[in-house]
Amino acid sequence: MSRPTEKRLPVPDDVVFDILTWLPVKSLIRFRCVSKSWYSTITNPIFITTHLNLNKAKESLSTDNNNNNNNNGYLLYTNVPKDFSSSHELCTAVYNTDHTLTQISAFQIPFSGFNVVSFCNGMFCLDCLTDHGDHIICLWNPSIRKFKTLAPFRLIDYVDSGTLRLESVTLGLAYNSQNNDFKILRLACFYDIIEKFVINWFRIEAEIYTSSTDSWRKEYGVAESWTWTKKCITMNSFYSCYGCTDNGEILMKNANGLVSFDPENHQNIFAIEDARWADYTANSMESLVLLDGGNSVSEYKD
């Protein structure tokens with residue numbers, strides 16, 4: 001006589017939610033196909049935020065462990081394609097304690113003309129050049145192969161009167177943990193032509209982009225309230241300076257390629273000769289941000 005079939009009770013939704021938040025991004029992208037319920041959970045903004053905050057907590061703990069001698073953080077860099085048929089790649093490498101690099105990932109960049117402006121919590125801010133020569137800003141999440149083209153700037157690059165000219169633009173990306181929002185600060189430096197050959201410099205306008213509203217707003221700040229830190233060191237000539245590591249080394253590009261330089265004049269040459277851009281981060285994390293972007297977010301395949 002056969003034994004009666006044991007009825008299995010479904011796993012409660014809140015338990016499934018908690019389990020999924022501990023999984024890596026690559027697994028979650030695949031698991032969207034398991035069921036409609038799982039797809040709805042993984043693409044839910046609340047789940048995306050919970051997963052991001054949990055990853056940040058894990059990476060913070062990982063950074064503390066790294067400081068105990070595992071590694072010196074991570075180096076991010078983009079390479080120069082060897083031929084016209086190849087795409088740029090964003091590479092991540094572990095910066096080992098012996099000053100060597102171990103590459104752990106590489107993502108194709110879905111743009112040709114671009115500059116990496118900043119990155120934060122797995123999100124990258126890119127300044128892209130269109131075929132018509134216009135500058136647009138994109139938020140790019142390489143882990144999920146999605147990007148978002150931002151709304152146009154509010155500040156114009158010139159004034160109809162013809163006396164105001166744009167000198168330079170600086171962009172920075174940050175994450176506001178209080179309201180789970182990404183923000184971009186755009187500083188535009190203008191100069192006035194008062195008379196012929198008479199120039200008034202140092203006119204700075206600021207605007208902030210907020211991802212939740214997909215809009216820019218002009219910022220009225222007080223420059224005197226900013227804090228500046230300066231330290232001078234002597235070094236040989238170099239092409240570009242990319243940033244600093246937590247232990248005080250400076251990442252730069254010179255005639256030898258990509259190098260690290262410390263104030264004690266010790267130079268370490270990395271095995272990266274074709275780096276177009278590079279930066280350092282104490283932790284390397286992925287996120288699901290932009291997964292719930294809807295029609296305003298574009299998806300691509302490698």
# chains A, B, ... in the order shown; residues from 1 in each chain; ligands from 1
>>> residues_around(residues="Ser211 of chain A", least_positions_apart="3", cutoff="8 Å", atoms="only C-alpha atoms", output="PyMOL selection string")
chain A and resi 181-183+214-215
>>> write_last_selection(atoms="N, CA and C atoms", output="PDB file, in the first residue's frame")
ATOM      1  N   ASP A 181      18.511  57.660  -2.742  1.00  0.00           N
ATOM      2  CA  ASP A 181      18.511  58.400  -3.997  1.00  0.00           C
ATOM      3  C   ASP A 181      19.946  58.666  -4.463  1.00  0.00           C
ATOM      4  N   PHE A 182      20.146  58.573  -5.773  1.00  0.00           N
ATOM      5  CA  PHE A 182      21.421  58.982  -6.354  1.00  0.00           C
ATOM      6  C   PHE A 182      21.308  60.431  -6.799  1.00  0.00           C
ATOM      7  N   LYS A 183      22.374  61.183  -6.580  1.00  0.00           N
ATOM      8  CA  LYS A 183      22.400  62.588  -6.965  1.00  0.00           C
ATOM      9  C   LYS A 183      23.688  62.898  -7.729  1.00  0.00           C
ATOM     10  N   ASP A 214      14.143  62.346 -11.673  1.00  0.00           N
ATOM     11  CA  ASP A 214      14.710  62.470 -13.023  1.00  0.00           C
ATOM     12  C   ASP A 214      14.696  63.927 -13.477  1.00  0.00           C
ATOM     13  N   SER A 215      15.216  64.804 -12.624  1.00  0.00           N
ATOM     14  CA  SER A 215      15.196  66.229 -12.956  1.00  0.00           C
ATOM     15  C   SER A 215      16.394  66.938 -12.321  1.00  0.00           C
TER      16      SER A 215
END
>>> closest_residue(among="A:Trp38, A:Phe31, A:Phe238, A:Phe17", to="Ile250 of chain A", atoms="only C-alpha atoms")
A:Phe238
>>> atom_distance(atom1="atom CA of Phe153 of chain A", atom2="atom CA of Tyr300 of chain A")
25.1 Å
>>> residues_around(residues="His51 of chain A", least_positions_apart="2", cutoff="12 Å", atoms="only C-alpha atoms", output="MDAnalysis selection string")
chainID A and resid 17:25 28 41:49 53:58 121 180 285:289
>>> select_by_dssp(residues="segment 3-103 of chain A", states="helix (DSSP H, G or I)", output="ChimeraX atom specification")
/A:13-21,25-31,36-42,45-66
>>> write_last_selection(atoms="C-alpha atoms", output="JSON list (two decimals), in the first residue's frame")
[["chain", "number", "residue", "atom", "x", "y", "z"],
["A", 13, "ASP", "CA", 6.88, 35.47, 0.76],
["A", 14, "ASP", "CA", 8.78, 37.34, 3.46],
["A", 15, "VAL", "CA", 11.18, 34.40, 3.86],
["A", 16, "VAL", "CA", 11.76, 34.27, 0.10],
["A", 17, "PHE", "CA", 12.38, 38.03, 0.17],
["A", 18, "ASP", "CA", 15.00, 37.72, 2.92],
["A", 19, "ILE", "CA", 16.80, 34.81, 1.24],
["A", 20, "LEU", "CA", 16.98, 36.57, -2.12],
["A", 21, "THR", "CA", 18.50, 39.73, -0.64],
["A", 25, "VAL", "CA", 23.38, 40.29, -8.63],
["A", 26, "LYS", "CA", 24.29, 37.77, -11.32],
["A", 27, "SER", "CA", 22.12, 35.10, -9.67],
["A", 28, "LEU", "CA", 19.20, 37.46, -9.13],
["A", 29, "ILE", "CA", 19.17, 38.46, -12.79],
["A", 30, "ARG", "CA", 18.81, 34.78, -13.74],
["A", 31, "PHE", "CA", 16.24, 34.04, -11.02],
["A", 36, "LYS", "CA", 6.16, 35.87, -11.92],
["A", 37, "SER", "CA", 6.28, 36.20, -8.15],
["A", 38, "TRP", "CA", 10.07, 36.14, -8.06],
["A", 39, "TYR", "CA", 10.28, 38.58, -10.98],
["A", 40, "SER", "CA", 7.97, 40.96, -9.16],
["A", 41, "THR", "CA", 10.03, 40.67, -5.97],
["A", 42, "ILE", "CA", 13.45, 41.15, -7.54],
["A", 45, "PRO", "CA", 12.15, 49.14, -5.64],
["A", 46, "ILE", "CA", 11.93, 48.10, -1.97],
["A", 47, "PHE", "CA", 13.83, 44.89, -2.69],
["A", 48, "ILE", "CA", 16.44, 46.75, -4.76],
["A", 49, "THR", "CA", 17.05, 49.21, -1.92],
["A", 50, "THR", "CA", 17.18, 46.45, 0.70],
["A", 51, "HIS", "CA", 19.66, 44.48, -1.42],
["A", 52, "LEU", "CA", 21.80, 47.61, -1.93],
["A", 53, "ASN", "CA", 21.92, 48.45, 1.78],
["A", 54, "LEU", "CA", 22.79, 44.86, 2.68],
["A", 55, "ASN", "CA", 25.58, 44.83, 0.11],
["A", 56, "LYS", "CA", 26.92, 48.09, 1.51],
["A", 57, "ALA", "CA", 26.98, 46.60, 5.02],
["A", 58, "LYS", "CA", 28.78, 43.48, 3.74],
["A", 59, "GLU", "CA", 31.30, 45.55, 1.80],
["A", 60, "SER", "CA", 31.94, 47.73, 4.84],
["A", 61, "LEU", "CA", 32.75, 44.59, 6.83],
["A", 62, "SER", "CA", 34.89, 43.34, 3.94],
["A", 63, "THR", "CA", 36.82, 46.62, 3.91],
["A", 64, "ASP", "CA", 37.60, 46.22, 7.61],
["A", 65, "ASN", "CA", 38.89, 42.71, 6.92],
["A", 66, "ASN", "CA", 40.98, 43.98, 4.00]]
>>> atom_distance(atom1="atom CA of Cys244 of chain A", atom2="atom CA of Tyr209 of chain A")
26.1 Å
